[in-house]
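A.B. asks: Please find one structure pasted underneath; my questions will follow.
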Amino acid sequence: MTTIDRVGFAAELDAHVAAKGPITVGLAGAGQMGTDIVVQAALMTGFRIGAIAASRPTRPMEAIAMAGYEAGHGRIASGASDIDRVIEAGGIAITDDILDLCAAGRIDVVIDATGSPDIGARLALEAIRNGKHIVMLNVEADITVGRHLSAEAKRAGVVYTGSAGDEPASTLELIAFAQSLGMEIVAAGKGKNNPLDFHALPADYEEEAARRNMNARMLVEFIDGSKTMVEMTAIANCTGLVPDVAGMHGPNVTRETLAQVLCSKADGGILSRSGRVDYTIGTGVAPGVFCVVKPRHERAIERMADLKVGSGPCFALIRPFHLTSLETPLSAIRAVLHRRPDMEPVERPVAECGAVAKRDLAVGETLGRIGESDYRGWAMTWAEGRRQHALPLGLAEKARVARPIKAGDLLTHENCTADDTLLVTRIRRDLDAADQRFLA
């Protein structure tokens, strides 16, 4: 068998393990993404799951068994000290209390794989309060109150970061690469993986969801465009790129035509100007992410064309894959080793992900979750969202309809009342009040 030396980041992790032992993670959520993380961690050196928080122990136990551990490796724990005892004994603690998860002394970093904006906000603040780094696979929470959570983490001297492997962080890798080479960033985003159907409902996707080992609601969150709107909003909020139009263009392009379509009108494309975030449908780009760039010198344009990147003057840099939750451990490791985020929001508002009604909504209705039958995500600039009093997508769950809303209409603070009992609602209200200073 050929011996392959560990190199680069893997070698850095080995050195850390030799000096301080493995990095131990507290994981919140054991759905599809959480299960992936449990399995992936079992395949890695120097990285382990110490505890899993979930409302019921069934899913964590199933994930632990799927990862190949023997019966008894997952153990119910009550309280932070009990979680520590299980970890010290080499097992994985299972708890239904995110406060205990965050308080456990043996946990180095917390990963949020819940997908709930409110749980995500509470989990992040509790992790930060306990001096833990926090990795947000929960993009819905990040686009709603991420700036607040990031600021709190900085004050506490810990890392708040989005997750490697998710499309936003994968796209940021390309943007940073292009910026470091002095290229103009024309547009960046993702190829949409699933067919786009704005009217998708969970009842129509139960069979497909079962085949893909997914929850039908989560599958619909991808198909109805909500997840794409959320992810592009996250990229915007980390870079200053903005949606060119509300809802973005979403052109049907291929790898070969991408750079000639998602470029400025001055260069023959559809964008009003450079510096945009968008997504594509069509073949060849998904499941990857892209950054359309324009070199600032004719010699560089000539060289990139000669290297078969494209015909120019704009070129599409494409990362042809993203491994979602399988890459999440890398963000947790970098937070511990380098105290560096892979993805964090800038300190000013950039974009908003609002919501539009999927159906007529009557006064008094209480809205369900993202991916159900009530609403879908809709990306826009923060300024446009502010002008229209858009209700952020992350506040739509449990909101009550205050005025009749027609299918296709934007949910606003006038026609919906967000649930004030939720922490995420209160944090967002404070953010919105502070953001008055950014209004022209």
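We name chains A, B, ... following the order of the structure tokens; residues begin at 1 in each chain, and ligands are numbered from 1 as shown.
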When you look at Phe438 (chain A) with a cut-off of 10 Å (counting only C-alpha atoms), what residues show up, excluding the ones that are within fewer than 6 positions of it in the same chain? I need them as a PyMOL selection string.
C.D. replies: chain A and resi 348-349+383
A.B. asks: Deliver the residues from the most recent selection as a file, using N, CA, C and O atoms, as a CSV table (one decimal), in the first residue's frame.
C.D. replies:
chain,number,residue,atom,x,y,z
A,348,ARG,N,-22.5,46.3,7.7
A,348,ARG,CA,-23.6,47.2,7.3
A,348,ARG,C,-24.6,46.4,6.6
A,348,ARG,O,-24.3,45.3,6.0
A,349,PRO,N,-25.9,46.8,6.5
A,349,PRO,CA,-26.9,46.0,5.8
A,349,PRO,C,-26.7,46.1,4.3
A,349,PRO,O,-26.4,47.2,3.8
A,383,ALA,N,-32.0,48.2,0.9
A,383,ALA,CA,-32.7,49.5,0.8
A,383,ALA,C,-34.1,49.3,0.2
A,383,ALA,O,-35.1,49.9,0.7
A.B. asks: What does the distance between CA of Ala200 (chain A) and CA of Ala246 (chain A) come to in Å, to one decimal place?
C.D. replies: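 Separation of CA of Ala200 (chain A) and CA of Ala246 (chain A): 19.9 Å.
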A.B. asks: So which bits of region 66-159 of chain A end up helix (DSSP H, G or I) when you DSSP the backbone, as a PDB file with N, CA and C atoms, in the first residue's frame?
C.D. replies:
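As a result, part-v1.pdb now contains:
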ATOM      1  N   MET A  66     -25.428   4.855  12.175  1.00  0.00           N
ATOM      2  CA  MET A  66     -25.083   4.928  10.762  1.00  0.00           C
ATOM      3  C   MET A  66     -23.594   5.196  10.577  1.00  0.00           C
ATOM      4  N   ALA A  80     -24.653  19.791  31.804  1.00  0.00           N
ATOM      5  CA  ALA A  80     -23.359  20.009  31.160  1.00  0.00           C
ATOM      6  C   ALA A  80     -22.276  19.102  31.714  1.00  0.00           C
ATOM      7  N   SER A  81     -22.276  18.888  33.020  1.00  0.00           N
ATOM      8  CA  SER A  81     -21.228  18.057  33.620  1.00  0.00           C
ATOM      9  C   SER A  81     -21.372  16.607  33.173  1.00  0.00           C
ATOM     10  N   ASP A  82     -22.609  16.151  32.982  1.00  0.00           N
ATOM     11  CA  ASP A  82     -22.833  14.788  32.506  1.00  0.00           C
ATOM     12  C   ASP A  82     -22.368  14.647  31.056  1.00  0.00           C
ATOM     13  N   ILE A  83     -22.602  15.698  30.246  1.00  0.00           N
ATOM     14  CA  ILE A  83     -22.086  15.694  28.873  1.00  0.00           C
ATOM     15  C   ILE A  83     -20.567  15.549  28.889  1.00  0.00           C
ATOM     16  N   ASP A  84     -19.914  16.284  29.760  1.00  0.00           N
ATOM     17  CA  ASP A  84     -18.452  16.192  29.859  1.00  0.00           C
ATOM     18  C   ASP A  84     -18.005  14.787  30.234  1.00  0.00           C
ATOM     19  N   ARG A  85     -18.726  14.139  31.159  1.00  0.00           N
ATOM     20  CA  ARG A  85     -18.349  12.790  31.575  1.00  0.00           C
ATOM     21  C   ARG A  85     -18.445  11.795  30.419  1.00  0.00           C
ATOM     22  N   VAL A  86     -19.500  11.928  29.626  1.00  0.00           N
ATOM     23  CA  VAL A  86     -19.648  11.030  28.476  1.00  0.00           C
ATOM     24  C   VAL A  86     -18.507  11.238  27.484  1.00  0.00           C
ATOM     25  N   ILE A  87     -18.179  12.503  27.225  1.00  0.00           N
ATOM     26  CA  ILE A  87     -17.082  12.802  26.293  1.00  0.00           C
ATOM     27  C   ILE A  87     -15.766  12.249  26.820  1.00  0.00           C
ATOM     28  N   GLU A  88     -15.504  12.443  28.095  1.00  0.00           N
ATOM     29  CA  GLU A  88     -14.259  11.949  28.696  1.00  0.00           C
ATOM     30  C   GLU A  88     -14.155  10.432  28.621  1.00  0.00           C
ATOM     31  N   ILE A  98     -30.003  22.763  24.466  1.00  0.00           N
ATOM     32  CA  ILE A  98     -28.875  23.444  23.813  1.00  0.00           C
ATOM     33  C   ILE A  98     -28.059  24.259  24.814  1.00  0.00           C
ATOM     34  N   LEU A  99     -28.666  24.649  25.932  1.00  0.00           N
ATOM     35  CA  LEU A  99     -27.916  25.385  26.950  1.00  0.00           C
ATOM     36  C   LEU A  99     -26.857  24.490  27.567  1.00  0.00           C
ATOM     37  N   ASP A 100     -27.219  23.246  27.853  1.00  0.00           N
ATOM     38  CA  ASP A 100     -26.243  22.302  28.402  1.00  0.00           C
ATOM     39  C   ASP A 100     -25.158  21.994  27.378  1.00  0.00           C
ATOM     40  N   LEU A 101     -25.546  21.857  26.121  1.00  0.00           N
ATOM     41  CA  LEU A 101     -24.568  21.588  25.059  1.00  0.00           C
ATOM     42  C   LEU A 101     -23.501  22.674  25.040  1.00  0.00           C
ATOM     43  N   CYS A 102     -23.953  23.925  25.091  1.00  0.00           N
ATOM     44  CA  CYS A 102     -23.023  25.050  25.000  1.00  0.00           C
ATOM     45  C   CYS A 102     -22.191  25.227  26.262  1.00  0.00           C
ATOM     46  N   ALA A 103     -22.716  24.793  27.400  1.00  0.00           N
ATOM     47  CA  ALA A 103     -22.017  24.979  28.674  1.00  0.00           C
ATOM     48  C   ALA A 103     -20.986  23.894  28.947  1.00  0.00           C
ATOM     49  N   PRO A 117     -34.449  29.816  12.388  1.00  0.00           N
ATOM     50  CA  PRO A 117     -33.880  31.124  12.716  1.00  0.00           C
ATOM     51  C   PRO A 117     -33.873  31.414  14.215  1.00  0.00           C
ATOM     52  N   ASP A 118     -34.947  31.067  14.918  1.00  0.00           N
ATOM     53  CA  ASP A 118     -35.006  31.379  16.342  1.00  0.00           C
ATOM     54  C   ASP A 118     -34.069  30.492  17.153  1.00  0.00           C
ATOM     55  N   ILE A 119     -34.084  29.192  16.894  1.00  0.00           N
ATOM     56  CA  ILE A 119     -33.168  28.305  17.608  1.00  0.00           C
ATOM     57  C   ILE A 119     -31.730  28.691  17.290  1.00  0.00           C
ATOM     58  N   GLY A 120     -31.461  29.025  16.037  1.00  0.00           N
ATOM     59  CA  GLY A 120     -30.116  29.412  15.647  1.00  0.00           C
ATOM     60  C   GLY A 120     -29.619  30.634  16.389  1.00  0.00           C
ATOM     61  N   ALA A 121     -30.487  31.629  16.552  1.00  0.00           N
ATOM     62  CA  ALA A 121     -30.097  32.838  17.283  1.00  0.00           C
ATOM     63  C   ALA A 121     -29.796  32.515  18.748  1.00  0.00           C
ATOM     64  N   ARG A 122     -30.679  31.720  19.356  1.00  0.00           N
ATOM     65  CA  ARG A 122     -30.472  31.366  20.765  1.00  0.00           C
ATOM     66  C   ARG A 122     -29.221  30.519  20.947  1.00  0.00           C
ATOM     67  N   LEU A 123     -29.025  29.565  20.059  1.00  0.00           N
ATOM     68  CA  LEU A 123     -27.863  28.682  20.157  1.00  0.00           C
ATOM     69  C   LEU A 123     -26.563  29.469  19.996  1.00  0.00           C
ATOM     70  N   ALA A 124     -26.511  30.337  18.998  1.00  0.00           N
ATOM     71  CA  ALA A 124     -25.292  31.105  18.753  1.00  0.00           C
ATOM     72  C   ALA A 124     -24.947  31.986  19.948  1.00  0.00           C
ATOM     73  N   LEU A 125     -25.929  32.683  20.479  1.00  0.00           N
ATOM     74  CA  LEU A 125     -25.661  33.569  21.622  1.00  0.00           C
ATOM     75  C   LEU A 125     -25.218  32.779  22.846  1.00  0.00           C
ATOM     76  N   GLU A 126     -25.803  31.609  23.044  1.00  0.00           N
ATOM     77  CA  GLU A 126     -25.419  30.794  24.198  1.00  0.00           C
ATOM     78  C   GLU A 126     -24.014  30.229  24.014  1.00  0.00           C
ATOM     79  N   ALA A 127     -23.682  29.807  22.795  1.00  0.00           N
ATOM     80  CA  ALA A 127     -22.323  29.338  22.535  1.00  0.00           C
ATOM     81  C   ALA A 127     -21.313  30.456  22.782  1.00  0.00           C
ATOM     82  N   ILE A 128     -21.611  31.626  22.265  1.00  0.00           N
ATOM     83  CA  ILE A 128     -20.721  32.775  22.435  1.00  0.00           C
ATOM     84  C   ILE A 128     -20.570  33.116  23.913  1.00  0.00           C
ATOM     85  N   ARG A 129     -21.666  33.101  24.650  1.00  0.00           N
ATOM     86  CA  ARG A 129     -21.633  33.417  26.082  1.00  0.00           C
ATOM     87  C   ARG A 129     -20.731  32.447  26.848  1.00  0.00           C
ATOM     88  N   VAL A 139     -28.255  29.036   7.548  1.00  0.00           N
ATOM     89  CA  VAL A 139     -28.156  30.293   6.797  1.00  0.00           C
ATOM     90  C   VAL A 139     -29.382  31.165   7.043  1.00  0.00           C
ATOM     91  N   GLU A 140     -30.516  30.540   7.344  1.00  0.00           N
ATOM     92  CA  GLU A 140     -31.740  31.295   7.601  1.00  0.00           C
ATOM     93  C   GLU A 140     -31.575  32.229   8.800  1.00  0.00           C
ATOM     94  N   ALA A 141     -30.911  31.753   9.834  1.00  0.00           N
ATOM     95  CA  ALA A 141     -30.647  32.609  10.992  1.00  0.00           C
ATOM     96  C   ALA A 141     -29.623  33.680  10.656  1.00  0.00           C
ATOM     97  N   ASP A 142     -28.605  33.299   9.890  1.00  0.00           N
ATOM     98  CA  ASP A 142     -27.525  34.225   9.564  1.00  0.00           C
ATOM     99  C   ASP A 142     -28.032  35.441   8.794  1.00  0.00           C
ATOM    100  N   ILE A 143     -28.896  35.229   7.790  1.00  0.00           N
ATOM    101  CA  ILE A 143     -29.352  36.377   6.993  1.00  0.00           C
ATOM    102  C   ILE A 143     -30.334  37.251   7.767  1.00  0.00           C
ATOM    103  N   THR A 144     -30.853  36.736   8.881  1.00  0.00           N
ATOM    104  CA  THR A 144     -31.827  37.506   9.662  1.00  0.00           C
ATOM    105  C   THR A 144     -31.153  38.348  10.727  1.00  0.00           C
ATOM    106  N   VAL A 145     -30.228  37.747  11.471  1.00  0.00           N
ATOM    107  CA  VAL A 145     -29.582  38.471  12.580  1.00  0.00           C
ATOM    108  C   VAL A 145     -28.080  38.205  12.636  1.00  0.00           C
ATOM    109  N   GLY A 146     -27.489  37.798  11.535  1.00  0.00           N
ATOM    110  CA  GLY A 146     -26.071  37.434  11.533  1.00  0.00           C
ATOM    111  C   GLY A 146     -25.142  38.552  11.947  1.00  0.00           C
ATOM    112  N   ARG A 147     -25.464  39.780  11.554  1.00  0.00           N
ATOM    113  CA  ARG A 147     -24.576  40.898  11.927  1.00  0.00           C
ATOM    114  C   ARG A 147     -24.514  41.059  13.440  1.00  0.00           C
ATOM    115  N   HIS A 148     -25.634  40.870  14.106  1.00  0.00           N
ATOM    116  CA  HIS A 148     -25.651  40.962  15.567  1.00  0.00           C
ATOM    117  C   HIS A 148     -24.842  39.830  16.181  1.00  0.00           C
ATOM    118  N   LEU A 149     -25.044  38.614  15.686  1.00  0.00           N
ATOM    119  CA  LEU A 149     -24.337  37.463  16.238  1.00  0.00           C
ATOM    120  C   LEU A 149     -22.834  37.585  16.008  1.00  0.00           C
ATOM    121  N   SER A 150     -22.446  38.058  14.835  1.00  0.00           N
ATOM    122  CA  SER A 150     -21.034  38.236  14.526  1.00  0.00           C
ATOM    123  C   SER A 150     -20.400  39.282  15.441  1.00  0.00           C
ATOM    124  N   ALA A 151     -21.120  40.363  15.676  1.00  0.00           N
ATOM    125  CA  ALA A 151     -20.602  41.416  16.558  1.00  0.00           C
ATOM    126  C   ALA A 151     -20.433  40.899  17.984  1.00  0.00           C
ATOM    127  N   GLU A 152     -21.398  40.108  18.436  1.00  0.00           N
ATOM    128  CA  GLU A 152     -21.308  39.537  19.787  1.00  0.00           C
ATOM    129  C   GLU A 152     -20.113  38.593  19.890  1.00  0.00           C
ATOM    130  N   ALA A 153     -19.862  37.806  18.848  1.00  0.00           N
ATOM    131  CA  ALA A 153     -18.726  36.893  18.855  1.00  0.00           C
ATOM    132  C   ALA A 153     -17.409  37.662  18.916  1.00  0.00           C
ATOM    133  N   LYS A 154     -17.307  38.733  18.153  1.00  0.00           N
ATOM    134  CA  LYS A 154     -16.082  39.538  18.176  1.00  0.00           C
ATOM    135  C   LYS A 154     -15.843  40.109  19.570  1.00  0.00           C
ATOM    136  N   ARG A 155     -16.906  40.590  20.202  1.00  0.00           N
ATOM    137  CA  ARG A 155     -16.764  41.143  21.552  1.00  0.00           C
ATOM    138  C   ARG A 155     -16.293  40.082  22.543  1.00  0.00           C
ATOM    139  N   ALA A 156     -16.717  38.846  22.314  1.00  0.00           N
ATOM    140  CA  ALA A 156     -16.364  37.756  23.232  1.00  0.00           C
ATOM    141  C   ALA A 156     -15.042  37.094  22.868  1.00  0.00           C
TER     142      ALA A 156
END
A.B. asks: For Leu439 (chain A), which of A:Val350, A:Ala335, A:Ala30, A:Ala77 is the closest residue, counting only C-alpha atoms?
C.D. replies: A:Val350
A.B. asks: Give the answer as one residue: which of A:Val7, A:Ala89, A:Leu410, A:Ala113 has the shortest atom-to-atom distance to Thr324 (chain A), using only C-alpha atoms?
C.D. replies: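 So, comparing all the options, the nearest one is A:Ala113.
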A.B. asks: Just checking: using only C-alpha atoms, which residue out of A:Val158, A:His389, A:Arg273, A:Val336 ends up closest to Pro22 (chain A)?
C.D. replies: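 With only C-alpha atoms as the atom set, the closest residue is A:Val336.
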A.B. asks: Between CA of Lys294 (chain A) and CA of Ile185 (chain A), what is the distance, to one decimal in Å?
C.D. replies: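 That distance, rounded to one decimal, is 6.7 Å.
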A.B. asks: Give me, as a ChimeraX atom specification, all polymer residues having an atom no more than 9 Å from region 256-264 of chain A, counting only C-alpha atoms and skipping those fewer than 4 positions away in the same chain.
C.D. replies: /A:186-188,249,251-252,268-274,276,278,280,284-285,291-293,310-317
A.B. asks: Write out the residues from the selection above, keeping C-alpha atoms, as a PDB file, in the first residue's frame.
C.D. replies:
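In the end it all went to part_3.pdb:
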ATOM      1  CA  VAL A 186     -18.919  41.136 -12.083  1.00  0.00           C
ATOM      2  CA  ALA A 187     -21.292  38.605 -10.548  1.00  0.00           C
ATOM      3  CA  ALA A 188     -21.221  35.614  -8.222  1.00  0.00           C
ATOM      4  CA  HIS A 249     -32.495  37.151 -12.934  1.00  0.00           C
ATOM      5  CA  PRO A 251     -30.959  33.016 -16.381  1.00  0.00           C
ATOM      6  CA  ASN A 252     -30.972  29.687 -18.208  1.00  0.00           C
ATOM      7  CA  GLY A 268     -23.428  42.388 -23.782  1.00  0.00           C
ATOM      8  CA  GLY A 269     -25.077  40.858 -20.738  1.00  0.00           C
ATOM      9  CA  ILE A 270     -28.232  41.397 -18.666  1.00  0.00           C
ATOM     10  CA  LEU A 271     -26.889  43.133 -15.555  1.00  0.00           C
ATOM     11  CA  SER A 272     -27.268  46.851 -15.006  1.00  0.00           C
ATOM     12  CA  ARG A 273     -23.668  46.949 -13.739  1.00  0.00           C
ATOM     13  CA  SER A 274     -20.989  44.826 -12.095  1.00  0.00           C
ATOM     14  CA  ARG A 276     -24.146  41.554  -8.540  1.00  0.00           C
ATOM     15  CA  ASP A 278     -27.427  35.922  -8.887  1.00  0.00           C
ATOM     16  CA  THR A 280     -28.520  30.239 -12.837  1.00  0.00           C
ATOM     17  CA  GLY A 284     -23.412  22.517 -16.580  1.00  0.00           C
ATOM     18  CA  VAL A 285     -23.133  25.006 -13.710  1.00  0.00           C
ATOM     19  CA  CYS A 291     -17.730  34.047  -9.936  1.00  0.00           C
ATOM     20  CA  VAL A 292     -17.833  36.029 -13.179  1.00  0.00           C
ATOM     21  CA  VAL A 293     -14.744  38.219 -13.390  1.00  0.00           C
ATOM     22  CA  GLY A 310     -13.491  31.614 -21.944  1.00  0.00           C
ATOM     23  CA  SER A 311     -13.573  34.085 -24.784  1.00  0.00           C
ATOM     24  CA  GLY A 312     -13.650  37.255 -22.659  1.00  0.00           C
ATOM     25  CA  PRO A 313     -13.770  40.029 -21.788  1.00  0.00           C
ATOM     26  CA  CYS A 314     -15.615  38.434 -18.857  1.00  0.00           C
ATOM     27  CA  PHE A 315     -14.811  34.935 -17.615  1.00  0.00           C
ATOM     28  CA  ALA A 316     -16.624  32.466 -15.359  1.00  0.00           C
ATOM     29  CA  LEU A 317     -14.549  30.914 -12.592  1.00  0.00           C
TER      30      LEU A 317
END
A.B. asks: Taking only C-alpha atoms into account, name the residue in A:Thr366, A:Thr283, A:Asn415, A:Thr381 that is nearest to Lys398 (chain A).
C.D. replies: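 Among A:Thr366, A:Thr283, A:Asn415, A:Thr381, it is A:Thr366 that comes nearest to Lys398 (chain A).
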A.B. asks: Give me the residues near region 35-43 of chain A as a list in words, where near means some atom within 9 Å (using only C-alpha atoms) and where sequence neighbours in that chain fewer than 2 positions away do not count.
C.D. replies: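 Residues meeting the cut-off are Leu27, Gly29, Ala30, Gly31, Gln32, Met33, Thr45, Gly46, Phe47, Arg48, Ile49, Arg59, Pro60, Glu62, Ala63, Ile64, Met66, Ala67, Gly68, Tyr69, Ser325, Leu326, Glu327, Thr328 and Pro329 of chain A.
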A.B. asks: Which polymer residues have any atom within 12 Å of an atom of His322 (chain A), counting only C-alpha atoms, with same-chain residues fewer than 3 positions away left out, as an MDAnalysis selection string?
C.D. replies: chainID A and resid 163:171 173 190:193 285:290 318:319 325:328
A.B. asks: Which of these, A:Thr161, A:Thr95, A:Thr114, A:Asn237, has the shortest distance to Arg339 (chain A) once you count only C-alpha atoms?
C.D. replies: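 Using only C-alpha atoms, the shortest distance to Arg339 (chain A) belongs to A:Thr161.
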A.B. asks: Could you tell me which of A:Val220, A:Ala407, A:Leu337, A:Leu196 comes closest to Ala11 (chain A) if we count only C-alpha atoms?
C.D. replies: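 Closest to Ala11 (chain A) of all the choices is A:Leu337.
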A.B. asks: Within 12 Å of Pro202 (chain A), counting only C-alpha atoms, which residues qualify if same-chain residues fewer than 2 places away don't, as a list in words?
C.D. replies: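 Here the qualifying residues turn out to be Asp197, His199, Ala200, Asp204, Tyr205, Glu206, Glu207, Glu208, Ala209, Ala210, Met214, Asn215, Ala216, Arg217, Met218, Leu219, Val220, Glu221, Phe222, Ile223, Asp224, Arg369, Ile370, Gly371, Glu372, Ser373 and Asp374 of chain A.
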A.B. asks: I need the chosen residues saved as a PDB file, in the first residue's frame, with N, CA and C atoms.
C.D. replies:
ATOM      1  N   ASP A 197     -39.585  25.648  -9.143  1.00  0.00           N
ATOM      2  CA  ASP A 197     -41.043  25.712  -9.201  1.00  0.00           C
ATOM      3  C   ASP A 197     -41.508  26.580  -8.039  1.00  0.00           C
ATOM      4  N   HIS A 199     -44.245  27.434  -7.122  1.00  0.00           N
ATOM      5  CA  HIS A 199     -45.505  27.013  -6.506  1.00  0.00           C
ATOM      6  C   HIS A 199     -45.413  25.649  -5.830  1.00  0.00           C
ATOM      7  N   ALA A 200     -44.209  25.128  -5.664  1.00  0.00           N
ATOM      8  CA  ALA A 200     -44.029  23.792  -5.094  1.00  0.00           C
ATOM      9  C   ALA A 200     -44.620  23.685  -3.691  1.00  0.00           C
ATOM     10  N   ASP A 204     -46.701  17.476  -2.838  1.00  0.00           N
ATOM     11  CA  ASP A 204     -46.365  17.018  -4.193  1.00  0.00           C
ATOM     12  C   ASP A 204     -44.985  16.374  -4.267  1.00  0.00           C
ATOM     13  N   TYR A 205     -44.228  16.419  -3.178  1.00  0.00           N
ATOM     14  CA  TYR A 205     -42.843  15.951  -3.228  1.00  0.00           C
ATOM     15  C   TYR A 205     -42.527  14.903  -2.159  1.00  0.00           C
ATOM     16  N   GLU A 206     -43.549  14.310  -1.555  1.00  0.00           N
ATOM     17  CA  GLU A 206     -43.326  13.312  -0.518  1.00  0.00           C
ATOM     18  C   GLU A 206     -42.536  12.118  -1.054  1.00  0.00           C
ATOM     19  N   GLU A 207     -42.914  11.642  -2.237  1.00  0.00           N
ATOM     20  CA  GLU A 207     -42.259  10.453  -2.792  1.00  0.00           C
ATOM     21  C   GLU A 207     -40.795  10.734  -3.121  1.00  0.00           C
ATOM     22  N   GLU A 208     -40.536  11.874  -3.780  1.00  0.00           N
ATOM     23  CA  GLU A 208     -39.154  12.208  -4.107  1.00  0.00           C
ATOM     24  C   GLU A 208     -38.324  12.414  -2.848  1.00  0.00           C
ATOM     25  N   ALA A 209     -38.907  13.083  -1.853  1.00  0.00           N
ATOM     26  CA  ALA A 209     -38.195  13.323  -0.597  1.00  0.00           C
ATOM     27  C   ALA A 209     -37.814  12.003   0.071  1.00  0.00           C
ATOM     28  N   ALA A 210     -38.732  11.044   0.049  1.00  0.00           N
ATOM     29  CA  ALA A 210     -38.452   9.734   0.648  1.00  0.00           C
ATOM     30  C   ALA A 210     -37.306   9.040  -0.082  1.00  0.00           C
ATOM     31  N   MET A 214     -34.934  12.725   2.536  1.00  0.00           N
ATOM     32  CA  MET A 214     -35.106  14.111   2.944  1.00  0.00           C
ATOM     33  C   MET A 214     -36.497  14.327   3.515  1.00  0.00           C
ATOM     34  N   ASN A 215     -36.642  15.382   4.262  1.00  0.00           N
ATOM     35  CA  ASN A 215     -37.943  15.872   4.668  1.00  0.00           C
ATOM     36  C   ASN A 215     -38.553  16.626   3.489  1.00  0.00           C
ATOM     37  N   ALA A 216     -39.854  16.380   3.188  1.00  0.00           N
ATOM     38  CA  ALA A 216     -40.481  17.012   2.016  1.00  0.00           C
ATOM     39  C   ALA A 216     -40.487  18.530   2.130  1.00  0.00           C
ATOM     40  N   ARG A 217     -40.674  19.053   3.327  1.00  0.00           N
ATOM     41  CA  ARG A 217     -40.652  20.504   3.507  1.00  0.00           C
ATOM     42  C   ARG A 217     -39.293  21.072   3.143  1.00  0.00           C
ATOM     43  N   MET A 218     -38.237  20.382   3.571  1.00  0.00           N
ATOM     44  CA  MET A 218     -36.890  20.861   3.244  1.00  0.00           C
ATOM     45  C   MET A 218     -36.631  20.791   1.740  1.00  0.00           C
ATOM     46  N   LEU A 219     -37.100  19.724   1.100  1.00  0.00           N
ATOM     47  CA  LEU A 219     -36.925  19.615  -0.349  1.00  0.00           C
ATOM     48  C   LEU A 219     -37.628  20.765  -1.056  1.00  0.00           C
ATOM     49  N   VAL A 220     -38.830  21.096  -0.608  1.00  0.00           N
ATOM     50  CA  VAL A 220     -39.579  22.198  -1.229  1.00  0.00           C
ATOM     51  C   VAL A 220     -38.883  23.529  -0.993  1.00  0.00           C
ATOM     52  N   GLU A 221     -38.226  23.695   0.141  1.00  0.00           N
ATOM     53  CA  GLU A 221     -37.480  24.930   0.387  1.00  0.00           C
ATOM     54  C   GLU A 221     -36.425  25.146  -0.698  1.00  0.00           C
ATOM     55  N   PHE A 222     -35.862  24.043  -1.210  1.00  0.00           N
ATOM     56  CA  PHE A 222     -34.915  24.140  -2.325  1.00  0.00           C
ATOM     57  C   PHE A 222     -35.648  24.390  -3.638  1.00  0.00           C
ATOM     58  N   ILE A 223     -36.713  23.637  -3.897  1.00  0.00           N
ATOM     59  CA  ILE A 223     -37.370  23.683  -5.205  1.00  0.00           C
ATOM     60  C   ILE A 223     -38.100  24.998  -5.431  1.00  0.00           C
ATOM     61  N   ASP A 224     -38.755  25.547  -4.403  1.00  0.00           N
ATOM     62  CA  ASP A 224     -39.529  26.786  -4.619  1.00  0.00           C
ATOM     63  C   ASP A 224     -38.662  28.036  -4.657  1.00  0.00           C
ATOM     64  N   ARG A 369     -43.803  27.135   8.341  1.00  0.00           N
ATOM     65  CA  ARG A 369     -42.354  27.209   8.177  1.00  0.00           C
ATOM     66  C   ARG A 369     -41.975  27.448   6.714  1.00  0.00           C
ATOM     67  N   ILE A 370     -40.734  27.845   6.501  1.00  0.00           N
ATOM     68  CA  ILE A 370     -40.186  27.961   5.157  1.00  0.00           C
ATOM     69  C   ILE A 370     -40.294  26.595   4.478  1.00  0.00           C
ATOM     70  N   GLY A 371     -40.725  26.592   3.229  1.00  0.00           N
ATOM     71  CA  GLY A 371     -40.836  25.343   2.500  1.00  0.00           C
ATOM     72  C   GLY A 371     -42.210  24.704   2.575  1.00  0.00           C
ATOM     73  N   GLU A 372     -43.121  25.326   3.309  1.00  0.00           N
ATOM     74  CA  GLU A 372     -44.484  24.801   3.364  1.00  0.00           C
ATOM     75  C   GLU A 372     -45.336  25.520   2.312  1.00  0.00           C
ATOM     76  N   SER A 373     -46.605  25.743   2.602  1.00  0.00           N
ATOM     77  CA  SER A 373     -47.534  26.214   1.573  1.00  0.00           C
ATOM     78  C   SER A 373     -47.852  27.693   1.636  1.00  0.00           C
ATOM     79  N   ASP A 374     -47.292  28.419   2.615  1.00  0.00           N
ATOM     80  CA  ASP A 374     -47.727  29.798   2.854  1.00  0.00           C
ATOM     81  C   ASP A 374     -46.922  30.844   2.081  1.00  0.00           C
TER      82      ASP A 374
END
A.B. asks: Record the distance separating CA of Gly74 (chain A) and CA of Ile52 (chain A), expressed in Å with one decimal.
C.D. replies: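 Distance between the two atoms: 9.1 Å.
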A.B. asks: Would you give me, as a list in words, the residues in region 305-431 of chain A that DSSP reads as strand (DSSP E or B)?
C.D. replies: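 Of region 305-431 of chain A, only Phe315, Ala316, Leu317, Ile318, Arg319, Ala351, Glu352, Cys353, Gly354, Ala355, Val356, Ala357, Leu361, Thr366, Tyr375, Arg376, Gly377, Trp378, Ala379, Met380, Thr381, Ala390, Arg400, Val401, Ile405, Leu410, Thr412, Cys416 and Thr417 of chain A fall in strand (DSSP E or B).
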